[in-house]
file model-v5.txt (compact mmCIF, C-alpha atoms)
# COMPACT_ATOMS: atom_id res chain seq x y z
CA MET A 1 -18.47 51.45 119.18
CA PRO A 2 -15.69 50.19 116.89
CA PRO A 3 -12.82 52.56 116.06
CA ARG A 4 -13.51 54.75 113.05
CA SER A 5 -10.83 53.01 111.00
CA ASP A 6 -12.68 49.70 111.46
CA THR A 7 -15.81 51.29 110.09
CA LEU A 8 -14.04 52.88 107.14
CA VAL A 9 -12.35 49.70 105.97
CA ARG A 10 -15.78 48.09 105.64
CA LEU A 11 -16.99 50.77 103.25
CA ALA A 12 -16.95 50.37 99.49
CA ASP A 13 -14.62 52.63 97.50
CA GLU A 14 -17.56 54.61 96.14
CA ASP A 15 -18.80 55.37 99.67
CA LEU A 16 -15.32 56.40 100.75
CA MET A 17 -15.11 58.81 97.81
CA ALA A 18 -18.10 60.71 99.16
CA LEU A 19 -16.21 61.22 102.42
CA ILE A 20 -13.01 62.13 100.62
CA ALA A 21 -14.81 64.84 98.67
CA ASP A 22 -15.37 66.38 102.10
CA ALA A 23 -11.62 66.27 102.84
CA ASP A 24 -11.70 63.12 105.00
CA ALA A 25 -8.05 62.08 105.21
CA ASP A 26 -8.80 58.82 107.07
CA ALA A 27 -11.08 57.70 104.25
CA TYR A 28 -8.40 58.57 101.72
CA GLU A 29 -5.86 56.47 103.60
CA VAL A 30 -8.15 53.45 103.27
CA VAL A 31 -8.45 54.00 99.53
CA TYR A 32 -4.70 54.54 99.29
CA ASP A 33 -3.98 51.26 101.07
CA ARG A 34 -6.32 49.37 98.74
CA HIS A 35 -4.85 50.63 95.49
CA ALA A 36 -1.33 51.90 96.19
CA ASP A 37 0.43 48.73 95.04
CA ALA A 38 -1.51 48.53 91.76
CA ALA A 39 -0.86 52.23 91.15
CA PHE A 40 2.85 51.87 91.80
CA ALA A 41 3.09 48.75 89.66
CA LEU A 42 1.47 50.57 86.75
CA ALA A 43 3.75 53.60 87.08
CA HIS A 44 6.81 51.37 87.42
CA ARG A 45 5.78 49.45 84.32
CA ILE A 46 5.49 52.66 82.33
CA LEU A 47 8.51 54.51 83.66
CA GLY A 48 10.90 51.60 84.23
CA SER A 49 12.39 53.18 87.34
CA PRO A 50 11.18 53.00 90.95
CA ALA A 51 12.26 56.58 91.61
CA ALA A 52 10.35 57.94 88.63
CA ALA A 53 7.34 55.80 89.53
CA ASP A 54 7.49 57.20 93.05
CA ASP A 55 7.38 60.78 91.71
CA ALA A 56 4.54 60.05 89.31
CA CYS A 57 2.52 58.30 92.00
CA GLN A 58 2.94 61.15 94.46
CA ASP A 59 1.66 63.58 91.81
CA ALA A 60 -1.21 61.28 90.95
CA TRP A 61 -2.31 60.62 94.53
CA MET A 62 -2.32 64.33 95.35
CA ALA A 63 -4.25 65.07 92.16
CA ALA A 64 -6.82 62.40 93.04
CA TRP A 65 -7.20 63.77 96.58
CA ARG A 66 -7.80 67.27 95.31
CA SER A 67 -10.23 66.27 92.58
CA ALA A 68 -12.12 63.55 94.44
CA SER A 69 -15.38 65.46 94.11
CA ARG A 70 -15.20 64.97 90.35
CA TYR A 71 -15.28 61.20 90.57
CA ASP A 72 -18.47 59.91 88.93
CA SER A 73 -19.34 56.30 89.70
CA ARG A 74 -21.41 56.11 86.51
CA LEU A 75 -18.20 56.33 84.49
CA GLY A 76 -16.34 53.48 86.16
CA SER A 77 -14.87 52.10 89.35
CA VAL A 78 -12.76 54.08 91.77
CA ARG A 79 -9.86 51.78 90.99
CA SER A 80 -10.06 52.53 87.26
CA TRP A 81 -10.41 56.23 87.97
CA LEU A 82 -7.32 56.23 90.18
CA LEU A 83 -5.26 54.09 87.85
CA THR A 84 -6.21 56.28 84.90
CA ILE A 85 -4.85 59.30 86.79
CA VAL A 86 -1.66 57.37 87.53
CA HIS A 87 -1.41 56.28 83.89
CA ASN A 88 -1.80 59.84 82.64
CA ARG A 89 0.80 61.18 85.07
CA ALA A 90 3.27 58.45 84.23
CA ILE A 91 2.87 58.97 80.49
CA ASP A 92 3.36 62.71 81.03
CA HIS A 93 6.61 61.90 82.86
CA VAL A 94 7.74 59.65 80.02
CA ARG A 95 7.06 62.32 77.43
CA ARG A 96 8.85 64.99 79.46
CA MET A 97 11.85 62.70 79.88
CA THR A 98 11.84 62.00 76.14
CA ARG A 99 11.72 65.71 75.30
CA LEU A 100 14.54 66.42 77.74
CA ARG A 101 16.64 63.63 76.28
CA ASP A 102 16.02 64.83 72.73
CA ARG A 103 16.91 68.39 73.64
CA THR A 104 20.09 67.31 75.41
CA VAL A 105 21.14 65.33 72.38
CA ALA A 106 20.55 68.31 70.12
CA ASP A 107 22.39 70.67 72.45
CA ASP A 108 25.40 68.42 72.49
CA ALA A 109 25.41 68.23 68.70
CA ALA A 110 25.70 64.51 69.20
CA ALA A 111 22.97 63.38 66.88
CA GLU A 112 25.26 60.73 65.48
CA ARG A 113 25.08 58.92 68.79
CA VAL A 114 21.30 58.57 68.56
CA PRO A 115 20.44 54.96 67.82
CA GLY A 116 19.28 54.26 64.31
CA SER A 117 15.73 53.19 63.62
CA ASP A 118 16.49 49.51 64.20
CA ASP A 119 18.08 50.26 67.56
CA THR A 120 15.23 52.57 68.51
CA GLN A 121 12.76 49.83 67.72
CA ALA A 122 14.69 47.31 69.78
CA LEU A 123 14.97 49.70 72.73
CA ALA A 124 11.31 50.60 72.61
CA LEU A 125 10.20 47.02 72.46
CA ALA A 126 12.63 46.00 75.17
CA ARG A 127 11.10 48.64 77.43
CA GLY A 128 7.65 47.47 76.49
CA GLU A 129 8.38 43.82 77.10
CA ARG A 130 10.64 44.04 80.14
CA GLU A 131 10.07 41.60 82.95
CA ASP A 132 7.28 39.12 82.75
CA THR A 133 4.71 40.38 80.33
CA ALA A 134 1.37 39.88 81.98
CA ALA A 135 -0.71 36.96 80.84
CA LEU A 136 -3.45 39.15 79.45
CA LEU A 137 -1.12 40.64 76.87
CA LEU A 138 -0.06 37.18 75.76
CA GLU A 139 -3.58 36.82 74.42
CA LEU A 140 -2.57 39.21 71.66
CA SER A 141 -0.59 38.34 68.59
CA ALA A 142 2.99 39.60 68.68
CA ASP A 143 2.12 42.29 66.11
CA GLN A 144 -0.85 43.53 68.11
CA ARG A 145 1.04 43.36 71.39
CA ALA A 146 3.85 45.51 70.05
CA VAL A 147 1.59 48.41 69.06
CA VAL A 148 -0.59 48.17 72.19
CA GLU A 149 2.43 48.19 74.48
CA LEU A 150 4.19 51.00 72.65
CA ALA A 151 1.04 53.12 72.84
CA PHE A 152 -0.34 52.33 76.27
CA TYR A 153 2.77 51.74 78.35
CA SER A 154 5.36 53.78 76.47
CA GLY A 155 3.27 56.78 75.46
CA TYR A 156 4.04 56.79 71.74
CA SER A 157 1.53 58.20 69.28
CA HIS A 158 0.29 56.08 66.38
CA SER A 159 2.48 57.98 63.90
CA GLU A 160 5.56 57.57 66.13
CA ILE A 161 4.86 53.85 66.34
CA ALA A 162 4.52 53.66 62.57
CA GLY A 163 7.99 55.20 62.34
CA ILE A 164 9.50 52.94 64.98
CA LEU A 165 8.09 49.75 63.48
CA ASP A 166 8.41 50.98 59.88
CA LEU A 167 4.75 50.24 59.18
CA PRO A 168 2.04 52.17 57.33
CA LEU A 169 -0.01 54.33 59.68
CA GLY A 170 -3.22 52.54 58.71
CA THR A 171 -1.69 49.22 59.71
CA VAL A 172 -0.78 50.56 63.15
CA LYS A 173 -4.28 51.92 63.72
CA GLY A 174 -5.79 48.66 62.55
CA ARG A 175 -3.63 46.58 64.89
CA MET A 176 -4.51 48.79 67.83
CA ARG A 177 -8.21 48.40 67.16
CA ALA A 178 -7.94 44.67 66.52
CA GLY A 179 -5.85 44.19 69.66
CA LEU A 180 -8.40 45.93 71.87
CA GLU A 181 -11.26 44.02 70.23
CA HIS A 182 -9.40 40.79 70.86
CA LEU A 183 -8.84 41.64 74.52
CA ARG A 184 -12.48 42.58 74.92
CA HIS A 185 -13.65 39.25 73.53
CA HIS A 186 -11.18 37.43 75.75
CA LEU A 187 -12.41 39.29 78.84
CA GLU A 188 -16.03 38.56 77.97
CA GLY A 189 -15.19 34.91 77.52
CA ALA A 190 -13.45 34.90 80.88
CA GLY A 191 -16.53 36.41 82.49
CA ARG A 192 -14.83 39.67 83.49
CA MET B 193 -28.02 52.28 65.76
CA SER B 194 -26.90 54.23 62.71
CA GLU B 195 -23.46 53.60 61.28
CA CYS B 196 -20.69 56.15 61.62
CA THR B 197 -20.78 58.47 58.62
CA GLU B 198 -17.18 59.62 59.04
CA PRO B 199 -15.02 56.49 58.69
CA ARG B 200 -11.78 58.39 59.24
CA TRP B 201 -12.79 58.86 62.88
CA ASN B 202 -14.00 55.31 63.29
CA GLU B 203 -10.61 54.08 62.07
CA VAL B 204 -8.84 55.91 64.86
CA LEU B 205 -11.02 54.64 67.75
CA GLY B 206 -8.47 52.06 68.88
CA ALA B 207 -5.66 54.61 68.93
CA TYR B 208 -7.89 57.03 70.81
CA ALA B 209 -8.75 54.42 73.43
CA LEU B 210 -5.04 53.73 73.93
CA GLY B 211 -4.17 57.42 74.25
CA ALA B 212 -2.11 57.30 71.05
CA CYS B 213 -3.68 60.22 69.19
CA PRO B 214 -1.84 63.54 68.96
CA PRO B 215 -3.62 66.45 70.71
CA ASP B 216 -5.36 67.92 67.65
CA GLU B 217 -6.70 64.53 66.60
CA ARG B 218 -7.79 63.82 70.18
CA GLN B 219 -9.79 67.01 70.20
CA GLY B 220 -11.30 66.18 66.82
CA MET B 221 -12.35 62.77 68.09
CA ARG B 222 -14.03 64.31 71.12
CA GLU B 223 -16.04 66.53 68.81
CA HIS B 224 -16.97 63.56 66.65
CA LEU B 225 -18.08 61.50 69.65
CA ARG B 226 -20.54 64.19 70.64
CA HIS B 227 -22.70 63.46 67.64
CA CYS B 228 -21.83 59.86 66.75
CA PRO B 229 -23.64 57.32 68.96
CA SER B 230 -22.14 54.46 66.95
CA CYS B 231 -18.53 55.40 67.73
CA THR B 232 -19.46 56.25 71.32
CA ALA B 233 -20.91 52.79 71.81
CA GLU B 234 -17.84 51.15 70.25
CA LEU B 235 -15.54 53.19 72.42
CA LEU B 236 -17.40 52.13 75.55
CA GLU B 237 -16.98 48.52 74.51
CA LEU B 238 -13.24 49.02 74.02
CA GLY B 239 -13.11 50.66 77.45
CA ALA B 240 -13.22 47.29 79.21
CA ALA B 241 -10.05 46.21 77.41
CA ARG B 242 -8.39 49.51 78.19
CA GLU B 243 -9.24 49.17 81.88
CA ALA B 244 -7.79 45.68 81.94
CA LEU B 245 -4.51 47.02 80.57
CA LEU B 246 -4.23 49.26 83.64
CA THR B 247 -3.67 46.21 85.81
CA ALA B 248 -2.00 43.91 83.28
CA VAL B 249 1.40 44.71 84.73
CA PRO B 250 3.92 42.86 86.90
CA ARG B 251 3.04 42.98 90.58
CA ASP B 252 4.90 45.54 92.64
CA LEU B 253 4.80 47.05 96.12
CA ALA B 254 4.50 50.77 96.74
CA PRO B 255 7.33 52.04 98.96
CA PRO B 256 6.22 52.93 102.52
CA ALA B 257 7.91 56.34 102.23
CA LEU B 258 5.54 57.25 99.39
CA LYS B 259 2.55 56.71 101.65
CA SER B 260 4.17 58.80 104.37
CA ARG B 261 4.68 61.74 102.00
CA VAL B 262 1.25 61.52 100.41
CA MET B 263 -0.66 61.15 103.66
CA SER B 264 1.36 63.87 105.35
CA GLN B 265 0.30 66.34 102.67
CA VAL B 266 -3.26 65.02 102.64
CA ARG B 267 -3.60 65.43 106.41
CA ALA B 268 -2.17 68.94 106.27
CA ASP B 269 -4.82 69.81 103.67
CA ALA B 270 -7.58 68.24 105.76
CA GLU B 271 -6.51 70.04 108.93
CA LEU B 272 -6.46 73.34 107.11
CA PHE B 273 -10.00 72.83 105.88
CA ALA B 274 -11.20 71.71 109.29
CA ALA B 275 -9.72 74.86 110.83
CA ALA B 276 -11.22 77.05 108.11
CA SER B 277 -14.62 75.43 108.60
CA ALA B 278 -14.44 75.97 112.35
CA ARG B 279 -13.57 79.65 111.85
CA THR B 280 -16.49 80.23 109.54
CA GLY B 281 -18.87 78.12 111.63
CA GLN B 282 -19.82 75.89 108.75
CA ASP B 283 -22.12 72.96 109.36
CA ARG B 284 -20.29 69.89 108.07
CA GLU B 285 -23.50 68.60 106.56
CA ALA B 286 -24.58 71.87 105.06
CA PRO B 287 -26.77 71.30 102.01
CA ALA B 288 -24.84 73.97 100.20
CA ARG B 289 -21.69 71.91 100.29
CA ARG B 290 -23.53 68.83 99.09
CA SER B 291 -24.77 70.94 96.22
CA ARG B 292 -21.27 72.12 95.46
CA ARG B 293 -20.03 68.55 95.55
CA ALA B 294 -22.73 67.48 93.14
CA ARG B 295 -21.55 70.19 90.80
CA GLY B 296 -18.02 68.90 90.84
CA GLY B 297 -16.57 71.42 93.28
CA GLY B 298 -16.08 69.88 96.69
CA ARG B 299 -13.95 71.38 99.39
CA LEU B 300 -10.80 70.96 97.38
CA GLY B 301 -12.26 71.36 93.95
CA TRP B 302 -11.90 75.13 93.62
CA LEU B 303 -8.18 74.66 93.22
CA ARG B 304 -8.50 72.75 90.00
CA ALA B 305 -11.88 73.78 88.69
CA PRO B 306 -11.73 75.84 85.54
CA VAL B 307 -12.84 79.38 86.10
CA PRO B 308 -16.33 79.05 84.56
CA LEU B 309 -17.08 76.12 86.87
CA ALA B 310 -15.75 78.05 89.84
CA ILE B 311 -17.94 81.00 88.93
CA ALA B 312 -21.00 78.76 88.64
CA ALA B 313 -20.32 77.12 91.97
CA VAL B 314 -19.75 80.40 93.69
CA ALA B 315 -22.86 81.96 92.20
CA CYS B 316 -24.91 78.94 93.17
CA LEU B 317 -23.84 79.11 96.77
CA ALA B 318 -23.80 82.88 97.05
CA LEU B 319 -20.40 82.54 98.62
CA LEU B 320 -18.32 85.62 98.92
CA VAL B 321 -15.42 85.33 96.58
CA ALA B 322 -13.09 88.21 96.76
CA GLY B 323 -11.25 89.35 93.72
CA GLY B 324 -14.03 90.92 91.71
CA VAL B 325 -14.39 89.71 88.15
CA LEU B 326 -12.78 86.31 87.99
CA GLY B 327 -10.37 86.03 85.16
CA GLY B 328 -11.10 89.59 84.11
CA ALA B 329 -8.18 91.33 82.61
CA LEU B 330 -7.24 94.85 81.80
CA THR B 331 -4.51 95.58 79.35
CA GLY B 332 -2.24 98.55 79.29
CA ASP B 333 1.04 99.85 78.08
CA ASP B 334 3.67 100.82 80.54
CA GLY B 335 6.60 102.55 78.90
CA GLY B 336 6.63 100.17 75.98
CA THR B 337 6.01 97.04 78.05
CA SER B 338 2.57 95.49 77.66
CA THR B 339 0.82 94.73 80.95
CA ARG B 340 -2.53 93.31 81.96
CA THR B 341 -4.19 92.92 85.32
CA VAL B 342 -5.81 89.65 86.32
CA SER B 343 -8.14 89.36 89.30
CA ALA B 344 -7.38 86.32 91.43
CA GLN B 345 -9.80 83.84 92.90
CA VAL B 346 -9.49 83.75 96.68
CA ASP B 347 -10.49 80.82 98.85
CA PRO B 348 -13.42 82.28 100.80
CA GLN B 349 -12.87 79.85 103.65
CA GLN B 350 -9.25 80.76 104.26
CA ALA B 351 -9.43 84.44 103.45
CA PRO B 352 -12.96 85.83 103.58
CA GLY B 353 -13.11 89.34 102.21
CA ALA B 354 -9.61 89.32 100.75
CA THR B 355 -8.80 90.50 97.24
CA ALA B 356 -5.81 89.91 95.02
CA ARG B 357 -4.71 90.89 91.56
CA LEU B 358 -1.80 89.98 89.41
CA VAL B 359 -0.20 92.57 87.14
CA VAL B 360 1.29 90.52 84.35
CA SER B 361 4.06 92.12 82.36
CA ASP B 362 4.89 90.49 79.06
CA GLY B 363 8.46 91.60 79.52
CA GLY B 364 8.72 89.67 82.80
CA GLY B 365 8.70 90.92 86.37
CA SER B 366 5.00 90.49 87.16
CA ARG B 367 3.63 91.72 90.51
CA LEU B 368 1.05 90.26 92.85
CA LEU B 369 -0.95 92.69 95.01
CA VAL B 370 -3.11 91.47 97.90
CA SER B 371 -5.32 93.11 100.48
CA GLY B 372 -7.38 91.78 103.34
CA LEU B 373 -5.32 88.61 103.52
CA PRO B 374 -5.07 87.11 107.03
CA SER B 375 -1.69 86.59 108.67
CA PRO B 376 -0.02 83.42 107.32
CA GLY B 377 0.48 82.34 110.95
CA ALA B 378 3.38 82.38 113.38
CA GLY B 379 6.66 81.36 111.79
CA ARG B 380 5.10 81.35 108.34
CA VAL B 381 5.12 83.47 105.19
CA TYR B 382 3.14 83.49 102.00
CA GLN B 383 4.84 81.75 99.09
CA VAL B 384 4.07 82.21 95.39
CA TRP B 385 3.79 79.15 93.11
CA LEU B 386 3.55 78.70 89.36
CA ARG B 387 1.54 75.92 87.74
CA SER B 388 1.55 74.83 84.10
CA GLY B 389 -1.25 72.51 83.00
CA ASP B 390 -1.66 69.63 85.42
CA GLU B 391 1.90 69.74 86.60
CA ALA B 392 2.65 70.14 90.29
CA PRO B 393 3.11 73.75 91.39
CA ARG B 394 6.72 74.94 91.38
CA PRO B 395 8.22 77.75 93.46
CA ALA B 396 8.12 81.15 91.78
CA GLY B 397 10.99 82.38 93.93
CA ALA B 398 8.83 84.89 95.78
CA LEU B 399 7.90 85.06 99.47
CA PHE B 400 5.93 87.86 101.07
CA ALA B 401 4.24 88.98 104.28
CA VAL B 402 1.19 91.15 104.85
CA ASP B 403 0.75 94.13 107.16
CA ARG B 404 -1.94 94.50 109.82
CA SER B 405 -4.53 95.40 107.21
CA GLY B 406 -3.67 92.31 105.23
CA SER B 407 -1.99 94.22 102.41
CA GLY B 408 1.15 93.02 100.75
CA GLN B 409 2.80 92.47 97.44
CA ALA B 410 5.29 90.19 95.79
CA ALA B 411 7.44 90.53 92.72
CA VAL B 412 7.19 87.41 90.56
CA PRO B 413 10.49 87.10 88.73
CA GLY B 414 10.72 86.05 85.11
CA ALA B 415 8.18 85.85 82.32
CA LEU B 416 5.00 83.83 82.80
CA ASP B 417 5.17 82.14 79.40
CA GLY B 418 3.57 78.71 79.65
CA VAL B 419 2.25 79.39 83.15
CA ASP B 420 -1.48 78.80 83.60
CA GLN B 421 -1.90 79.67 87.27
CA VAL B 422 -0.14 81.71 89.92
CA LEU B 423 -0.93 80.35 93.38
CA VAL B 424 -0.15 81.48 96.93
CA SER B 425 -0.04 79.35 100.06
CA SER B 426 1.10 79.79 103.64
CA GLU B 427 4.45 78.08 104.18
CA PRO B 428 7.14 77.93 106.88
CA VAL B 429 9.57 80.86 106.89
CA GLY B 430 12.15 80.26 104.15
CA GLY B 431 9.58 78.65 101.88
CA SER B 432 8.96 75.08 100.79
CA GLU B 433 9.88 73.03 97.75
CA GLN B 434 6.26 72.11 97.19
CA PRO B 435 3.08 73.42 98.76
CA THR B 436 2.43 72.00 102.21
CA ARG B 437 -0.94 73.73 102.50
CA LEU B 438 -3.72 74.45 100.10
CA PRO B 439 -3.36 77.70 98.21
CA VAL B 440 -5.21 80.67 99.57
CA LEU B 441 -5.56 82.28 96.15
CA ALA B 442 -5.16 81.43 92.50
CA ALA B 443 -4.82 83.72 89.50
CA GLN B 444 -5.49 82.35 86.03
CA VAL B 445 -2.75 83.75 83.84

call {"tool": "encode", "arguments": {"input": "model-v5.txt", "output": "structure tokens"}}
result
Amino acid sequence: MPPRSDTLVRLADEDLMALIADADADAYEVVYDRHADAAFALAHRILGSPAAADDACQDAWMAAWRSASRYDSRLGSVRSWLLTIVHNRAIDHVRRMTRLRDRTVADDAAAERVPGSDDTQALALARGEREDTAALLLELSADQRAVVELAFYSGYSHSEIAGILDLPLGTVKGRMRAGLEHLRHHLEGAGR
Amino acid sequence: MSECTEPRWNEVLGAYALGACPPDERQGMREHLRHCPSCTAELLELGAAREALLTAVPRDLAPPALKSRVMSQVRADAELFAAASARTGQDREAPARRSRRARGGGRLGWLRAPVPLAIAAVACLALLVAGGVLGGALTGDDGGTSTRTVSAQVDPQQAPGATARLVVSDGGGSRLLVSGLPSPGAGRVYQVWLRSGDEAPRPAGALFAVDRSGSGQAAVPGALDGVDQVLVSSEPVGGSEQPTRLPVLAAQV
């Protein structure tokens, strides 16, 4: 009989989730090994720091382990479910860091050192476009890419983005919708 | 399919899919989606693009130390449940557990399930959950300080027959009272944790032991403003920075 690990690695993610819901740590390790790099890459992309990504991923992986029984294969793949948990945790970290930074600035009565709107825009976009922007995002126009990145990877709300980019709120919402529609059509055309 | 009759919600679908709506608008959209098949269908279509964004990032490698920490905690959880199952003589393939899993509980689910779900699962399985009325609260006035008593949910596998209640004082200095709790184990104590929302539990600064009858109490320092749950787990003497075992009880503040 092959070792149990050999059997587990042959199982699909969805089958492993049924075992994990019964607290099977070996099954969880297989799922971890399959998706850990993608999860870390996503958190790193959002948080911009390996240490912060490490924290967010640890939170996310423990949350996934403890809520595995809630995974519903009808709502999407295990990978998407896991990465959505990582995304949510990383965005929570970003927002906490932003609140902390804002409070520190206020406490120090150093509001004059806060970058002006132009600087804020440049910083936000630099964070959004650091490193090699993935090819998929290059399918978007620059205007669409800016709002999609600021929302999805930087955790800004539509009204915050309108302020950062100095655009009407309706324009921001429209670009978000158009950007997602464009990506959807591209994915369909690519057979994904 | 009929068109959306509330265009203001349709306009915000893209922002909603990207997680860019503020909380009140997000809640409003969820309400709208319940009775708008047109927007629901559009949102599902946008979901493919959203999923693709999850992996449209530069490649990276997870540090090996992260796996060590995660799997160490996961295996500690699993061992605890295996030991608890052995003590209570549970059949690993018991239909009851499959039923609980189907309802979204699972062996670990009670920790995060909202109270109504936990009640439903417990009622369904006729499991003994100590603590009386889950989430029930009594209010009182103690010398000018408002207090209320919250019954805690106890893990029936770890602590069958145990009860616990949390006396919450709005002025701070809440107190946790337990009875029938098993020994935390050699070289271990019970540690109190505070959890807000989905954040990881943080130490409350309270450790306690129980006597032979399983009775004990702990003073929880500070006010519980913003705290959603008070948890207790068995930890090594001196306490831990984060739980190393699954909580034995949880009180919804």

call {"tool": "closest_residue", "arguments": {"input": "model-v5.txt", "among": "B:Gly406, B:Gly372, B:Pro255, B:Pro413", "to": "Ala51 of chain A", "atoms": "all atoms listed in the file"}}
result
B:Pro255

call {"tool": "atom_distance", "arguments": {"input": "model-v5.txt", "atom1": "atom CA of Ser194 of chain B", "atom2": "atom CA of Cys231 of chain B"}}
result
9.8 Å

call {"tool": "axis_aligned_box", "arguments": {"input": "model-v5.txt", "around": "segment 54-68 of chain A", "padding_each_side": "6 Å", "output": "lines of an AutoDock Vina configuration file"}}
result
center_x = -2.3
center_y = 62.2
center_z = 92.9
size_x = 31.6
size_y = 22.1
size_z = 19.3

call {"tool": "residues_around", "arguments": {"input": "model-v5.txt", "residues": "Ala212 of chain B", "least_positions_apart": "6", "cutoff": "7 Å", "atoms": "only C-alpha atoms", "output": "ChimeraX atom specification"}}
result
/A:151,155-158

call {"tool": "closest_residue", "arguments": {"input": "model-v5.txt", "among": "A:Asp37, A:Glu160, A:Asp55, A:Asp166", "to": "chain B", "atoms": "all atoms listed in the file"}}
result
A:Asp37

call {"tool": "atom_distance", "arguments": {"input": "model-v5.txt", "atom1": "atom CA of Pro250 of chain B", "atom2": "atom CA of His186 of chain A"}}
result
19.5 Å

call {"tool": "closest_residue", "arguments": {"input": "model-v5.txt", "among": "B:Arg357, B:Ala392, B:Pro374, B:Arg222", "to": "chain A", "atoms": "only C-alpha atoms"}}
result
B:Ala392

call {"tool": "residues_around", "arguments": {"input": "model-v5.txt", "residues": "Pro199 of chain B", "least_positions_apart": "3", "cutoff": "12 Å", "atoms": "all atoms listed in the file", "output": "tab-separated table (two decimals) with C-alpha atoms, keeping the file's coordinate frame"}}
result
chain	number	residue	atom	x	y	z
B	195	GLU	CA	-23.46	53.60	61.28
B	196	CYS	CA	-20.69	56.15	61.62
B	202	ASN	CA	-14.00	55.31	63.29
B	203	GLU	CA	-10.61	54.08	62.07
B	204	VAL	CA	-8.84	55.91	64.86
B	205	LEU	CA	-11.02	54.64	67.75
B	221	MET	CA	-12.35	62.77	68.09
B	224	HIS	CA	-16.97	63.56	66.65
B	228	CYS	CA	-21.83	59.86	66.75
B	230	SER	CA	-22.14	54.46	66.95
B	231	CYS	CA	-18.53	55.40	67.73

call {"tool": "closest_atom_pairs", "arguments": {"input": "model-v5.txt", "of": "chain A", "to": "chain B", "cutoff": "8 Å", "atoms": "all atoms listed in the file", "output": "Markdown table"}}
result
| residue | atom | partner | partner_atom | distance |
| --- | --- | --- | --- | --- |
| A:Ala21 | CA | B:Gly298 | CA | 5.6 |
| A:Asp22 | CA | B:Arg299 | CA | 5.9 |
| A:Ala23 | CA | B:Ala270 | CA | 5.4 |
| A:Asp24 | CA | B:Ala270 | CA | 6.6 |
| A:Ala25 | CA | B:Arg267 | CA | 5.7 |
| A:Glu29 | CA | B:Met263 | CA | 7.0 |
| A:Tyr32 | CA | B:Lys259 | CA | 7.9 |
| A:Ala36 | CA | B:Ala254 | CA | 6.0 |
| A:Asp37 | CA | B:Leu253 | CA | 4.8 |
| A:Ala38 | CA | B:Thr247 | CA | 6.7 |
| A:Ala39 | CA | B:Ala254 | CA | 7.9 |
| A:Phe40 | CA | B:Ala254 | CA | 5.3 |
| A:Ala41 | CA | B:Asp252 | CA | 4.7 |
| A:Leu42 | CA | B:Val249 | CA | 6.2 |
| A:Arg45 | CA | B:Val249 | CA | 6.5 |
| A:Asp54 | CA | B:Leu258 | CA | 6.6 |
| A:Gln58 | CA | B:Val262 | CA | 6.2 |
| A:Asp59 | CA | B:Ala392 | CA | 6.8 |
| A:Trp61 | CA | B:Val262 | CA | 6.9 |
| A:Met62 | CA | B:Val262 | CA | 6.8 |
| A:Trp65 | CA | B:Val266 | CA | 7.3 |
| A:Arg66 | CA | B:Leu300 | CA | 5.2 |
| A:Ser67 | CA | B:Gly301 | CA | 5.6 |
| A:Ala68 | CA | B:Gly298 | CA | 7.8 |
| A:Ser69 | CA | B:Gly298 | CA | 5.2 |
| A:Arg70 | CA | B:Gly296 | CA | 4.9 |
| A:Ser80 | CA | B:Glu243 | CA | 6.4 |
| A:Leu83 | CA | B:Leu246 | CA | 6.5 |
| A:Thr84 | CA | B:Leu246 | CA | 7.4 |
| A:His87 | CA | B:Leu246 | CA | 7.6 |
| A:Glu131 | CA | B:Pro250 | CA | 7.4 |
| A:Asp132 | CA | B:Pro250 | CA | 6.5 |
| A:Thr133 | CA | B:Val249 | CA | 7.0 |
| A:Ala134 | CA | B:Ala248 | CA | 5.4 |
| A:Ala135 | CA | B:Ala248 | CA | 7.5 |
| A:Leu136 | CA | B:Ala248 | CA | 6.3 |
| A:Leu137 | CA | B:Ala248 | CA | 7.2 |
| A:Val148 | CA | B:Leu210 | CA | 7.3 |
| A:Ala151 | CA | B:Ala212 | CA | 5.5 |
| A:Phe152 | CA | B:Leu210 | CA | 5.4 |
| A:Gly155 | CA | B:Ala212 | CA | 7.0 |
| A:Tyr156 | CA | B:Ala212 | CA | 6.2 |
| A:Ser157 | CA | B:Ala212 | CA | 4.1 |
| A:His158 | CA | B:Ala212 | CA | 5.4 |
| A:Lys173 | CA | B:Ala207 | CA | 6.0 |
| A:Gly174 | CA | B:Glu203 | CA | 7.3 |
| A:Met176 | CA | B:Gly206 | CA | 5.2 |
| A:Arg177 | CA | B:Gly206 | CA | 4.1 |
| A:Ala178 | CA | B:Gly206 | CA | 7.8 |
| A:Leu180 | CA | B:Ala241 | CA | 5.8 |
| A:Glu181 | CA | B:Leu238 | CA | 6.6 |
| A:Leu183 | CA | B:Ala241 | CA | 5.5 |
| A:Arg184 | CA | B:Ala241 | CA | 5.0 |
| A:Leu187 | CA | B:Ala241 | CA | 7.4 |

call {"tool": "residues_near_point", "arguments": {"input": "model-v5.txt", "point": "(-3.4, 85.8, 96.2)", "cutoff": "9 Å", "atoms": "all atoms listed in the file", "output": "list in words"}}
result
Gly323, Ala344, Gln345, Val346, Ala354, Thr355, Ala356, Arg357, Leu358, Leu368, Leu369, Val370, Ser371, Leu373, Val384, Val422, Leu423, Val424, Ser425, Pro439, Val440, Leu441, Ala442 and Ala443 of chain B

call {"tool": "closest_residue", "arguments": {"input": "model-v5.txt", "among": "A:Ser141, A:Leu82, A:Ala52, A:Met17", "to": "Arg96 of chain A", "atoms": "all atoms listed in the file"}}
result
A:Ala52

call {"tool": "atom_distance", "arguments": {"input": "model-v5.txt", "atom1": "atom CA of Pro435 of chain B", "atom2": "atom CA of Ala63 of chain A"}}
result
12.9 Å
